[in-house]
>>> print(open('upload19.txt').read())   # compact mmCIF, C-alpha atoms
# COMPACT_ATOMS: atom_id res chain seq x y z
CA MET I 1 -40.59 121.69 108.96
CA ALA I 2 -40.96 119.57 105.83
CA ASP I 3 -41.15 121.50 102.57
CA LEU I 4 -44.54 120.92 100.93
CA LYS I 5 -43.83 122.90 97.75
CA VAL I 6 -44.23 121.02 94.48
CA ASN I 7 -43.35 121.54 90.85
CA PHE I 8 -45.91 119.64 88.84
CA ALA I 9 -45.10 119.44 85.12
CA GLY I 10 -43.53 122.90 85.43
CA ILE I 11 -46.38 124.37 87.49
CA GLU I 12 -45.21 125.73 90.85
CA SER I 13 -47.45 125.36 93.90
CA PRO I 14 -46.86 126.17 97.60
CA ASN I 15 -48.25 122.75 98.56
CA PRO I 16 -49.59 119.71 96.68
CA TYR I 17 -53.24 120.35 97.56
CA TRP I 18 -55.38 121.67 94.71
CA LEU I 19 -59.12 122.03 94.63
CA ALA I 20 -60.39 119.76 91.87
CA SER I 21 -62.55 121.07 89.08
CA GLY I 22 -66.09 121.20 90.41
CA PRO I 23 -68.55 123.26 92.47
CA PRO I 24 -65.86 124.60 94.87
CA THR I 25 -63.95 126.24 91.96
CA ASN I 26 -66.88 127.83 90.18
CA THR I 27 -66.17 131.50 90.96
CA TYR I 28 -63.46 134.03 91.80
CA VAL I 29 -64.85 134.41 95.31
CA GLN I 30 -64.53 130.69 96.08
CA VAL I 31 -61.03 130.25 94.68
CA ALA I 32 -59.73 133.45 96.29
CA LYS I 33 -61.10 132.35 99.66
CA ALA I 34 -59.46 128.93 99.25
CA PHE I 35 -56.09 130.50 98.46
CA ASP I 36 -56.37 132.84 101.43
CA LEU I 37 -56.94 129.82 103.66
CA GLY I 38 -53.91 127.95 102.35
CA TRP I 39 -54.82 125.82 99.32
CA GLY I 40 -51.93 125.49 96.91
CA GLY I 41 -53.91 125.50 93.69
CA ALA I 42 -57.27 125.18 92.02
CA VAL I 43 -58.56 123.61 88.83
CA TRP I 44 -61.37 125.87 87.64
CA LYS I 45 -64.79 124.29 87.11
CA THR I 46 -64.80 123.10 83.51
CA VAL I 47 -65.23 125.92 81.02
CA GLY I 48 -67.14 125.36 77.80
CA GLU I 49 -70.30 126.46 76.10
CA PRO I 50 -72.67 127.22 79.02
CA ILE I 51 -75.23 124.54 79.81
CA LEU I 52 -78.38 124.40 81.95
CA ASN I 53 -78.15 122.34 85.10
CA VAL I 54 -81.08 120.71 86.84
CA PHE I 55 -81.88 121.91 90.36
CA SER I 56 -81.76 118.55 92.21
CA ARG I 57 -78.28 117.24 91.49
CA TYR I 58 -76.62 115.50 94.48
CA GLY I 59 -77.09 112.20 96.27
CA SER I 60 -74.98 110.26 98.75
CA ILE I 61 -74.31 107.00 100.54
CA ASP I 62 -74.06 107.07 104.34
CA LEU I 63 -72.39 104.45 106.53
CA GLY I 64 -73.89 104.40 109.98
CA SER I 65 -73.49 107.88 111.40
CA GLN I 66 -70.91 108.91 108.80
CA ARG I 67 -72.48 111.01 106.10
CA MET I 68 -71.39 111.15 102.47
CA VAL I 69 -69.05 108.17 102.46
CA GLY I 70 -69.94 108.02 98.78
CA PHE I 71 -71.15 111.07 96.88
CA ASN I 72 -73.02 111.22 93.58
CA ASN I 73 -73.70 114.18 91.32
CA ILE I 74 -75.50 114.77 88.04
CA GLU I 75 -74.15 118.32 87.71
CA LEU I 76 -72.56 119.26 84.40
CA ILE I 77 -69.82 121.74 83.48
CA SER I 78 -70.00 125.45 84.23
CA ASP I 79 -73.33 127.10 83.50
CA ARG I 80 -71.69 130.54 83.52
CA PRO I 81 -70.70 132.45 80.35
CA ILE I 82 -67.23 131.68 79.07
CA GLU I 83 -66.31 135.37 79.24
CA ASP I 84 -67.17 135.55 82.95
CA ASN I 85 -65.11 132.47 83.77
CA LEU I 86 -62.07 133.64 81.82
CA ARG I 87 -62.20 137.14 83.32
CA GLU I 88 -62.31 135.73 86.86
CA ILE I 89 -59.51 133.25 86.15
CA ALA I 90 -57.34 136.18 85.06
CA GLU I 91 -58.26 138.14 88.20
CA VAL I 92 -57.40 135.22 90.48
CA LYS I 93 -54.06 134.60 88.80
CA LYS I 94 -53.17 138.29 88.99
CA LYS I 95 -53.94 138.48 92.71
CA TYR I 96 -52.36 135.10 93.60
CA PRO I 97 -49.35 134.74 91.28
CA LYS I 98 -47.65 132.10 93.44
CA HIS I 99 -50.64 129.74 93.47
CA ALA I 100 -51.41 127.19 90.76
CA VAL I 101 -54.41 128.14 88.64
CA ILE I 102 -55.44 125.48 86.14
CA THR I 103 -58.21 125.96 83.58
CA SER I 104 -60.35 122.90 82.87
CA LEU I 105 -61.67 122.82 79.31
CA MET I 106 -64.28 120.84 77.39
CA VAL I 107 -65.57 121.60 73.91
CA GLU I 108 -66.91 119.67 70.96
CA THR I 109 -64.59 117.30 69.15
CA ASN I 110 -63.19 119.40 66.34
CA GLN I 111 -59.84 121.09 65.90
CA LYS I 112 -61.07 124.65 65.41
CA ALA I 113 -63.24 124.61 68.55
CA TRP I 114 -60.31 123.42 70.66
CA HIS I 115 -57.89 125.92 69.11
CA ASP I 116 -60.29 128.82 69.71
CA MET I 117 -60.94 127.83 73.33
CA VAL I 118 -57.28 127.23 74.18
CA LEU I 119 -56.19 130.55 72.71
CA ARG I 120 -58.91 132.45 74.60
CA ALA I 121 -58.13 130.72 77.90
CA GLN I 122 -54.38 131.09 77.49
CA ASP I 123 -54.70 134.87 77.49
CA THR I 124 -55.86 134.77 81.13
CA GLY I 125 -52.39 133.92 82.38
CA THR I 126 -53.54 130.53 83.65
CA ASP I 127 -50.71 128.16 84.60
CA GLY I 128 -51.99 125.14 82.71
CA PHE I 129 -54.90 123.41 81.07
CA GLU I 130 -56.75 120.31 82.25
CA LEU I 131 -58.64 118.65 79.41
CA ASN I 132 -61.81 117.10 80.82
CA PHE I 133 -61.95 113.65 79.23
CA GLY I 134 -63.71 112.16 82.23
CA CYS I 135 -67.19 113.57 82.90
CA PRO I 136 -69.40 110.43 82.83
CA HIS I 137 -72.86 111.98 82.52
CA GLY I 138 -74.65 114.57 80.44
CA MET I 139 -71.62 115.70 78.49
CA SER I 140 -70.60 112.19 77.44
CA GLU I 141 -73.97 111.76 75.75
CA ARG I 142 -73.04 114.81 73.68
CA GLY I 143 -69.77 113.26 72.50
CA MET I 144 -67.55 114.97 75.09
CA GLY I 145 -66.11 114.10 78.50
CA ALA I 146 -65.90 110.36 79.06
CA ALA I 147 -66.91 109.70 75.46
CA VAL I 148 -63.47 111.04 74.52
CA GLY I 149 -61.71 109.49 77.51
CA GLN I 150 -62.93 106.04 76.49
CA ASP I 151 -61.48 106.30 72.99
CA PRO I 152 -57.66 106.44 72.80
CA GLY I 153 -57.77 107.65 69.21
CA TYR I 154 -59.98 110.65 69.94
CA ALA I 155 -58.01 111.43 73.08
CA CYS I 156 -54.69 111.41 71.23
CA ASP I 157 -56.05 113.60 68.44
CA ILE I 158 -57.52 116.22 70.76
CA VAL I 159 -54.39 116.44 72.88
CA GLY I 160 -52.43 116.94 69.67
CA TRP I 161 -54.75 119.76 68.59
CA VAL I 162 -54.37 121.47 71.95
CA LYS I 163 -50.59 121.13 71.95
CA GLN I 164 -50.43 122.84 68.54
CA VAL I 165 -51.42 126.14 70.17
CA ALA I 166 -50.85 125.70 73.92
CA LYS I 167 -47.80 127.41 75.36
CA ILE I 168 -48.40 126.12 78.89
CA PRO I 169 -48.57 122.59 80.38
CA VAL I 170 -51.46 120.38 79.29
CA ILE I 171 -52.94 117.88 81.76
CA VAL I 172 -55.41 115.23 80.60
CA LYS I 173 -58.08 114.17 83.10
CA LEU I 174 -58.86 110.48 82.67
CA THR I 175 -62.09 108.58 83.16
CA PRO I 176 -62.23 105.46 85.36
CA ASN I 177 -65.17 104.18 83.31
CA ILE I 178 -62.92 102.11 81.10
CA THR I 179 -61.46 98.61 81.12
CA ASP I 180 -57.82 99.73 81.24
CA ILE I 181 -57.05 103.34 82.14
CA ARG I 182 -53.48 102.94 80.92
CA LEU I 183 -54.62 102.82 77.29
CA VAL I 184 -55.86 106.41 77.32
CA ALA I 185 -52.95 107.55 79.51
CA ARG I 186 -50.61 106.23 76.80
CA ALA I 187 -52.69 107.94 74.12
CA ALA I 188 -52.53 111.22 76.03
CA LYS I 189 -48.75 110.99 76.21
CA LYS I 190 -48.55 110.11 72.52
CA GLY I 191 -50.57 113.23 71.75
CA GLY I 192 -48.06 115.31 73.69
CA ALA I 193 -49.69 115.65 77.13
CA ASP I 194 -47.41 117.03 79.83
CA ALA I 195 -49.30 115.19 82.60
CA VAL I 196 -52.46 113.27 83.40
CA SER I 197 -54.89 113.52 86.30
CA LEU I 198 -57.00 110.68 87.66
CA ILE I 199 -59.57 109.60 88.48
CA ASN I 200 -62.67 111.44 87.39
CA THR I 201 -66.00 110.25 88.80
CA ILE I 202 -67.41 106.74 88.38
CA ASN I 203 -70.75 106.04 86.69
CA SER I 204 -73.32 105.36 89.39
CA ILE I 205 -76.85 105.35 90.73
CA VAL I 206 -76.66 105.73 94.50
CA GLY I 207 -80.12 104.54 95.44
CA VAL I 208 -83.85 104.32 94.81
CA ASP I 209 -86.69 105.93 96.76
CA LEU I 210 -88.78 102.85 97.57
CA ASP I 211 -91.95 104.91 98.04
CA THR I 212 -91.85 106.39 94.55
CA PHE I 213 -89.36 104.01 92.90
CA THR I 214 -87.45 107.04 91.63
CA PRO I 215 -83.66 106.76 91.59
CA LEU I 216 -81.78 109.46 93.47
CA PRO I 217 -81.42 112.37 93.11
CA ASN I 218 -85.07 112.89 92.21
CA VAL I 219 -85.64 115.33 89.35
CA GLY I 220 -89.40 115.58 88.93
CA GLY I 221 -89.98 111.86 89.26
CA LYS I 222 -86.98 110.74 87.20
CA SER I 223 -83.21 110.63 87.56
CA SER I 224 -80.05 109.80 85.64
CA HIS I 225 -76.76 108.04 86.17
CA GLY I 226 -74.21 110.36 87.74
CA GLY I 227 -70.60 110.60 88.85
CA TYR I 228 -69.56 108.80 92.07
CA CYS I 229 -66.78 110.18 94.26
CA GLY I 230 -65.83 110.66 97.90
CA PRO I 231 -64.01 108.34 100.35
CA ALA I 232 -65.67 105.23 98.87
CA VAL I 233 -63.79 105.57 95.56
CA LYS I 234 -60.32 105.94 97.08
CA PRO I 235 -59.30 102.26 96.63
CA ILE I 236 -60.28 102.38 92.96
CA ALA I 237 -58.36 105.61 92.48
CA LEU I 238 -55.25 104.22 94.19
CA ASN I 239 -55.30 101.14 91.97
CA MET I 240 -55.60 103.17 88.77
CA LEU I 241 -52.92 105.56 90.00
CA SER I 242 -50.60 102.62 90.65
CA GLU I 243 -51.28 101.11 87.23
CA THR I 244 -50.56 104.39 85.47
CA ALA I 245 -47.50 105.32 87.54
CA SER I 246 -45.86 101.93 86.93
CA ASP I 247 -46.58 101.82 83.19
CA PRO I 248 -43.31 102.31 81.27
CA GLU I 249 -45.28 103.73 78.34
CA VAL I 250 -46.70 106.62 80.38
CA GLN I 251 -44.02 108.04 82.72
CA ILE I 252 -45.37 111.59 82.90
CA PRO I 253 -46.52 113.43 86.05
CA ILE I 254 -49.82 112.35 87.60
CA SER I 255 -52.21 114.48 89.62
CA GLY I 256 -54.03 112.19 92.05
CA ILE I 257 -57.80 112.48 92.55
CA GLY I 258 -60.38 110.29 94.29
CA GLY I 259 -61.58 110.32 97.88
CA ILE I 260 -58.72 112.31 99.42
CA SER I 261 -60.13 113.43 102.77
CA ASN I 262 -57.16 113.62 105.17
CA TRP I 263 -53.37 113.77 105.25
CA ARG I 264 -53.03 109.98 105.35
CA ASP I 265 -54.94 109.70 102.08
CA ALA I 266 -52.63 112.35 100.65
CA ALA I 267 -49.49 110.49 101.73
CA GLU I 268 -50.79 107.26 100.20
CA PHE I 269 -51.51 108.94 96.87
CA ILE I 270 -48.06 110.55 96.83
CA SER I 271 -46.38 107.24 97.70
CA LEU I 272 -48.09 105.66 94.69
CA GLY I 273 -46.79 108.31 92.34
CA ALA I 274 -48.99 111.42 92.55
CA GLY I 275 -47.12 114.69 92.09
CA SER I 276 -50.08 116.87 93.08
CA LEU I 277 -53.38 116.13 94.80
CA GLN I 278 -56.88 117.25 93.90
CA VAL I 279 -59.69 117.45 96.48
CA CYS I 280 -63.36 118.12 95.86
CA THR I 281 -65.86 116.08 97.91
CA ALA I 282 -64.10 116.68 101.23
CA ALA I 283 -64.09 120.44 100.57
CA MET I 284 -67.81 120.31 99.73
CA HIS I 285 -68.49 118.32 102.90
CA TYR I 286 -66.37 120.19 105.45
CA GLY I 287 -65.43 123.50 103.82
CA PHE I 288 -62.11 124.95 102.74
CA ARG I 289 -60.66 125.05 106.28
CA ILE I 290 -59.76 121.36 106.07
CA ILE I 291 -56.59 122.57 104.35
CA ASP I 292 -55.09 123.25 107.79
CA ASP I 293 -55.38 119.60 108.80
CA LEU I 294 -54.25 118.41 105.37
CA CYS I 295 -51.05 120.47 105.47
CA ASP I 296 -50.25 120.14 109.17
CA GLY I 297 -50.86 116.39 109.21
CA LEU I 298 -48.71 115.71 106.16
CA SER I 299 -45.94 118.03 107.34
CA ASN I 300 -45.87 116.57 110.85
CA TRP I 301 -45.75 113.01 109.53
CA MET I 302 -42.92 113.89 107.16
CA ASP I 303 -41.01 115.52 110.02
CA GLU I 304 -41.45 112.43 112.19
CA LYS I 305 -40.21 110.17 109.41
CA GLY I 306 -37.34 112.45 108.43
CA TYR I 307 -38.62 113.32 104.95
CA LYS I 308 -37.59 116.81 103.86
CA ASN I 309 -39.80 117.28 100.81
CA ILE I 310 -42.56 115.69 98.73
CA GLU I 311 -40.14 114.20 96.20
CA GLU I 312 -38.59 112.03 98.90
CA ILE I 313 -41.85 110.09 99.32
CA ARG I 314 -43.32 110.31 95.83
CA GLY I 315 -43.56 106.89 94.22
CA ARG I 316 -41.94 104.93 97.06
CA ALA I 317 -44.79 102.39 97.05
CA VAL I 318 -45.02 101.91 93.27
CA SER I 319 -42.46 99.11 93.03
CA LYS I 320 -44.16 97.22 95.85
CA VAL I 321 -47.29 96.62 93.79
CA THR I 322 -46.83 93.44 91.77
CA LYS I 323 -48.78 90.68 90.07
CA TRP I 324 -50.27 88.00 92.31
CA GLU I 325 -47.98 85.32 90.92
CA ASN I 326 -44.97 87.23 92.27
CA LEU I 327 -46.16 87.12 95.91
CA ASP I 328 -44.36 84.93 98.46
CA LEU I 329 -46.33 81.74 99.18
CA ASN I 330 -44.10 81.08 102.17
CA TYR I 331 -45.11 84.26 103.97
CA HIS I 332 -47.17 82.79 106.81
CA LEU I 333 -49.38 84.70 109.24
CA VAL I 334 -51.57 83.59 112.12
CA ALA I 335 -54.08 85.62 114.09
CA ASN I 336 -53.48 86.43 117.74
CA ILE I 337 -56.15 87.64 120.18
CA ASP I 338 -55.20 89.89 123.09
CA GLN I 339 -57.63 88.50 125.63
CA ASP I 340 -57.19 91.54 127.90
CA LEU I 341 -58.62 93.77 125.16
CA CYS I 342 -61.35 91.39 123.97
CA ILE I 343 -64.90 92.64 124.71
CA ARG I 344 -66.46 89.20 124.00
CA CYS I 345 -68.64 90.34 121.12
CA GLU I 346 -67.79 87.20 119.12
CA LEU I 347 -67.84 89.12 115.84
CA CYS I 348 -64.55 87.49 114.86
CA TRP I 349 -66.00 84.03 115.41
CA ALA I 350 -69.14 84.77 113.35
CA ALA I 351 -67.11 86.23 110.49
CA CYS I 352 -64.58 83.41 110.43
CA GLU I 353 -67.13 80.63 110.91
CA ASP I 354 -69.52 81.75 108.19
CA GLY I 355 -67.37 83.82 105.88
CA ALA I 356 -63.85 82.44 106.05
CA HIS I 357 -62.00 79.36 107.30
CA GLN I 358 -63.60 78.19 110.57
CA ALA I 359 -60.38 78.93 112.43
CA ILE I 360 -61.85 80.43 115.62
CA ARG I 361 -63.27 78.33 118.44
CA ARG I 362 -66.07 79.51 120.74
CA LEU I 363 -65.50 78.76 124.41
CA PRO I 364 -68.04 78.41 127.23
CA ARG I 365 -68.85 81.73 128.88
CA GLU I 366 -69.62 80.27 132.30
CA PHE I 367 -65.96 79.93 133.30
CA GLY I 368 -65.29 83.68 133.14
CA GLY I 369 -62.31 83.34 130.82
CA PRO I 370 -61.91 84.00 127.10
CA VAL I 371 -64.87 83.25 124.87
CA VAL I 372 -62.96 82.78 121.60
CA GLU I 373 -59.54 81.45 120.64
CA ILE I 374 -57.66 80.85 117.41
CA ILE I 375 -57.46 77.29 116.03
CA ASP I 376 -53.86 77.57 114.92
CA GLU I 377 -53.80 74.66 112.52
CA ALA I 378 -56.83 76.05 110.64
CA CYS I 379 -55.78 79.72 110.50
CA VAL I 380 -54.66 80.87 107.05
CA GLY I 381 -53.85 84.41 108.16
CA CYS I 382 -56.52 85.94 105.93
CA ASN I 383 -56.91 89.04 108.19
CA LEU I 384 -60.73 88.92 108.28
CA CYS I 385 -60.98 88.63 112.07
CA SER I 386 -58.68 91.62 112.58
CA GLN I 387 -60.75 93.65 110.11
CA VAL I 388 -64.11 93.03 111.79
CA CYS I 389 -62.89 93.35 115.38
CA PRO I 390 -64.26 96.62 116.86
CA VAL I 391 -61.33 97.02 119.30
CA GLN I 392 -58.18 98.50 117.77
CA GLY I 393 -55.19 96.23 118.40
CA CYS I 394 -57.16 93.37 119.95
CA ILE I 395 -56.53 90.99 117.06
CA THR I 396 -53.16 91.20 115.36
CA MET I 397 -51.57 89.16 112.62
CA GLN I 398 -48.22 87.62 113.50
CA GLN I 399 -45.66 86.41 111.01
CA LEU I 400 -44.40 82.87 111.62
CA PRO I 401 -40.96 81.52 110.73
CA VAL I 402 -41.44 78.79 108.15
CA GLY I 403 -37.95 77.42 107.59
CA GLU I 404 -38.25 77.72 103.82
CA LYS I 405 -37.00 80.38 101.43
CA PRO I 406 -39.52 82.72 99.78
CA VAL I 407 -41.16 81.15 96.75
CA THR I 408 -43.56 82.63 94.22
CA TRP I 409 -46.33 80.80 92.41
CA LYS I 410 -44.30 81.00 89.20
CA GLU I 411 -41.20 79.57 90.88
CA TYR I 412 -43.14 76.83 92.62
CA ASN I 413 -44.80 75.70 89.41
CA ALA I 414 -41.44 75.72 87.66
CA GLY I 415 -40.02 73.47 90.38
CA LYS I 416 -37.67 76.18 91.65
CA GLY I 417 -38.99 76.49 95.17
CA THR I 418 -40.42 74.50 98.07
CA LEU I 419 -43.58 75.28 99.99
CA ALA I 420 -43.40 75.31 103.77
CA PRO I 421 -45.80 72.92 105.52
CA ARG I 422 -49.25 74.42 106.01
CA GLY I 423 -51.15 74.34 109.32
CA ASP I 424 -48.16 73.71 111.57
CA ALA I 425 -48.28 76.99 113.50
CA VAL I 426 -47.56 76.93 117.21
CA HIS I 427 -49.61 79.51 119.07
CA THR I 428 -48.04 80.76 122.27
CA ALA I 429 -51.26 81.85 124.01
CA THR I 430 -53.14 79.01 125.70
CA TRP I 431 -56.21 78.95 127.90
CA ALA I 432 -57.84 76.53 130.26
CA PRO I 433 -61.17 76.85 132.07
CA HIS I 434 -61.02 78.25 135.60
CA LYS I 435 -61.41 75.51 138.18
>>> encode(input="upload19.txt", output="structure tokens")
Amino acid sequence: MADLKVNFAGIESPNPYWLASGPPTNTYVQVAKAFDLGWGGAVWKTVGEPILNVFSRYGSIDLGSQRMVGFNNIELISDRPIEDNLREIAEVKKKYPKHAVITSLMVETNQKAWHDMVLRAQDTGTDGFELNFGCPHGMSERGMGAAVGQDPGYACDIVGWVKQVAKIPVIVKLTPNITDIRLVARAAKKGGADAVSLINTINSIVGVDLDTFTPLPNVGGKSSHGGYCGPAVKPIALNMLSETASDPEVQIPISGIGGISNWRDAAEFISLGAGSLQVCTAAMHYGFRIIDDLCDGLSNWMDEKGYKNIEEIRGRAVSKVTKWENLDLNYHLVANIDQDLCIRCELCWAACEDGAHQAIRRLPREFGGPVVEIIDEACVGCNLCSQVCPVQGCITMQQLPVGEKPVTWKEYNAGKGTLAPRGDAVHTATWAPHK
């Protein structure tokens, strides 16, 4: 079987799956149970001066019958005494020496406070620190969390303070609530960070109760902006992961976070440069036993593809992300409908007619044949019809030979390439009414 072990910035782990800092890593009991079930590591819920949390703290977005596609929380860092957290971290590490135990830290922005906290936490035997520069609510209003992660200068200074006394790897958790996440990733590296993790949660309000006009979650008739996570944020996380992994000024290990719910998500994050993976919302939704599917699915896929270990797939997709002007304008696609699979819902026609390029023709139903067909000369291969079609494999996108060499927008505008004629596709499938 494929070897799932990872070495992340010097931290050994039996597999790349770590529980992210949050409610699932709040106590010894939870983390010990997770390790017993097969999780490779855990980032302890952020330790700092204890705070008071409100009681109502979660909200979510549902999509049809699927619950919690997007998840929102207004929960803050640990509300447990620092001493209790540090004692339990030490107990977990002693019992599970081969698992990765990372301590997430957040304190006020001054050198002495960070030195004191790092030295206390280091005595637990923890494998590494994760500096929480990402929390977007509650703590950021107090000058911590995202307030630090949005300021490269502060971030660099704090990482430097921590590295003065830390004897173990330091990971910096980045906020997505910023114009360019690479700026703080660079600052973290400049300060001496051994790795970064991303993304933390996204500022959000998930909804409003239209009877009371109170945003959700309702806390005594009022609410607050919170942190958004879950499957809905995965595309944003992948983009920021790609930007950071490809930045020549960063080039340190990255722990991927953001909507990882299954092994496919995991493989995508690894292919875009993640060296370890952090999961929170999926564990809160389905429980710790999802680790079986996460490990088995990834391992089976790697076996099928012939990959022996995580390093063989890490970063393989990074170089394939490029600027728009570097894309091939002579790469032509046209949609093809498998009429045997078509259920005649006409969703493709409605989407294309109103929302795209009017490249699908409706046909009369009375003849008993197909009810839609592609207008080849109008099809721009935009993929919309294949995305809205409810039948898997019914509409596929087919590449057409164009007779011209690949040409980018930059090359074309510099007169170094020729565009193939547009709208000259020849579609092989034809239809005529039954007589």
>>> closest_residue(input="upload19.txt", among="I:Ile374, I:Cys385, I:Glu49, I:Leu363", to="Leu347 of chain I", atoms="only C-alpha atoms")
I:Cys385
>>> closest_residue(input="upload19.txt", among="I:Ile202, I:Ala42, I:Ile171, I:Leu216", to="Ser56 of chain I", atoms="all atoms listed in the file")
I:Leu216
>>> residues_around(input="upload19.txt", residues="Asp62 of chain I", least_positions_apart="2", cutoff="12 Å", atoms="all atoms listed in the file", output="count of residues only")
16
>>> closest_residue(input="upload19.txt", among="I:Ser223, I:Ser261, I:Ser242, I:Asn326", to="Asp209 of chain I", atoms="only C-alpha atoms")
I:Ser223
>>> residues_around(input="upload19.txt", residues="Asp303 of chain I", least_positions_apart="4", cutoff="9 Å", atoms="all atoms listed in the file", output="PyMOL selection string")
chain I and resi 1-2+298-299+307-308
>>> closest_residue(input="upload19.txt", among="I:Met139, I:Ala121, I:Leu341, I:Leu76", to="Val54 of chain I", atoms="all atoms listed in the file")
I:Leu76
>>> residues_around(input="upload19.txt", residues="Ala188 of chain I", least_positions_apart="6", cutoff="9 Å", atoms="all atoms listed in the file", output="VMD selection string")
chain I and resid 152 155 to 160 171 to 172 194 to 196 250
>>> residues_around(input="upload19.txt", residues="Leu272 of chain I", least_positions_apart="3", cutoff="7 Å", atoms="all atoms listed in the file", output="list of chain:residue names")
I:Leu241, I:Ser242, I:Glu268, I:Phe269, I:Arg314, I:Gly315, I:Arg316, I:Ala317, I:Val318
>>> closest_atom_pairs(input="upload19.txt", of="segment 146-256 of chain I", to="segment 124-134 of chain I", cutoff="8 Å", atoms="all atoms listed in the file", output="Markdown table")
| residue | atom | partner | partner_atom | distance |
| --- | --- | --- | --- | --- |
| I:Ala146 | CA | I:Gly134 | CA | 4.3 |
| I:Ala147 | CA | I:Phe133 | CA | 7.4 |
| I:Val148 | CA | I:Phe133 | CA | 5.6 |
| I:Gly149 | CA | I:Phe133 | CA | 4.5 |
| I:Ala155 | CA | I:Phe133 | CA | 7.6 |
| I:Ile168 | CA | I:Gly128 | CA | 5.3 |
| I:Pro169 | CA | I:Gly128 | CA | 4.9 |
| I:Val170 | CA | I:Phe129 | CA | 4.9 |
| I:Ile171 | CA | I:Glu130 | CA | 4.5 |
| I:Val172 | CA | I:Leu131 | CA | 4.9 |
| I:Lys173 | CA | I:Asn132 | CA | 5.3 |
| I:Leu174 | CA | I:Gly134 | CA | 5.2 |
| I:Thr175 | CA | I:Gly134 | CA | 4.0 |
| I:Pro176 | CA | I:Gly134 | CA | 7.5 |
| I:Ile199 | CA | I:Gly134 | CA | 7.9 |
| I:Asn200 | CA | I:Gly134 | CA | 5.3 |
| I:Thr201 | CA | I:Gly134 | CA | 7.2 |
>>> closest_residue(input="upload19.txt", among="I:Gln399, I:Asn203, I:Ser276, I:Ser224", to="Glu12 of chain I", atoms="all atoms listed in the file")
I:Ser276
>>> atom_distance(input="upload19.txt", atom1="atom CA of Glu404 of chain I", atom2="atom CA of Ala420 of chain I")
5.7 Å
>>> atom_distance(input="upload19.txt", atom1="atom CA of Gly38 of chain I", atom2="atom CA of Gly227 of chain I")
27.6 Å
>>> residues_around(input="upload19.txt", residues="Lys95 of chain I", least_positions_apart="6", cutoff="12 Å", atoms="all atoms listed in the file", output="number ranges by chain")
I: 28-29, 31-33, 35-36, 88-89, 101, 125
>>> closest_residue(input="upload19.txt", among="I:Lys98, I:Arg57, I:Arg186, I:Arg120", to="Ile82 of chain I", atoms="only C-alpha atoms")
I:Arg120
>>> axis_aligned_box(input="upload19.txt", around="segment 7-19 of chain I", padding_each_side="8 Å", output="JSON")
{"center_x": -51.2, "center_y": 122.8, "center_z": 91.8, "size_x": 31.8, "size_y": 22.7, "size_z": 29.4}
>>> residues_near_point(input="upload19.txt", point="(-48.2, 123.0, 100.1)", cutoff="8 Å", atoms="only C-alpha atoms", output="PyMOL selection string")
chain I and resi 3-6+13-17+38-40+295
>>> residues_near_point(input="upload19.txt", point="(-59.5, 98.6, 80.7)", cutoff="12 Å", atoms="only C-alpha atoms", output="PyMOL selection string")
chain I and resi 149-152+175-185+240+243-244
>>> atom_distance(input="upload19.txt", atom1="atom CA of Ala34 of chain I", atom2="atom CA of Ile102 of chain I")
14.1 Å
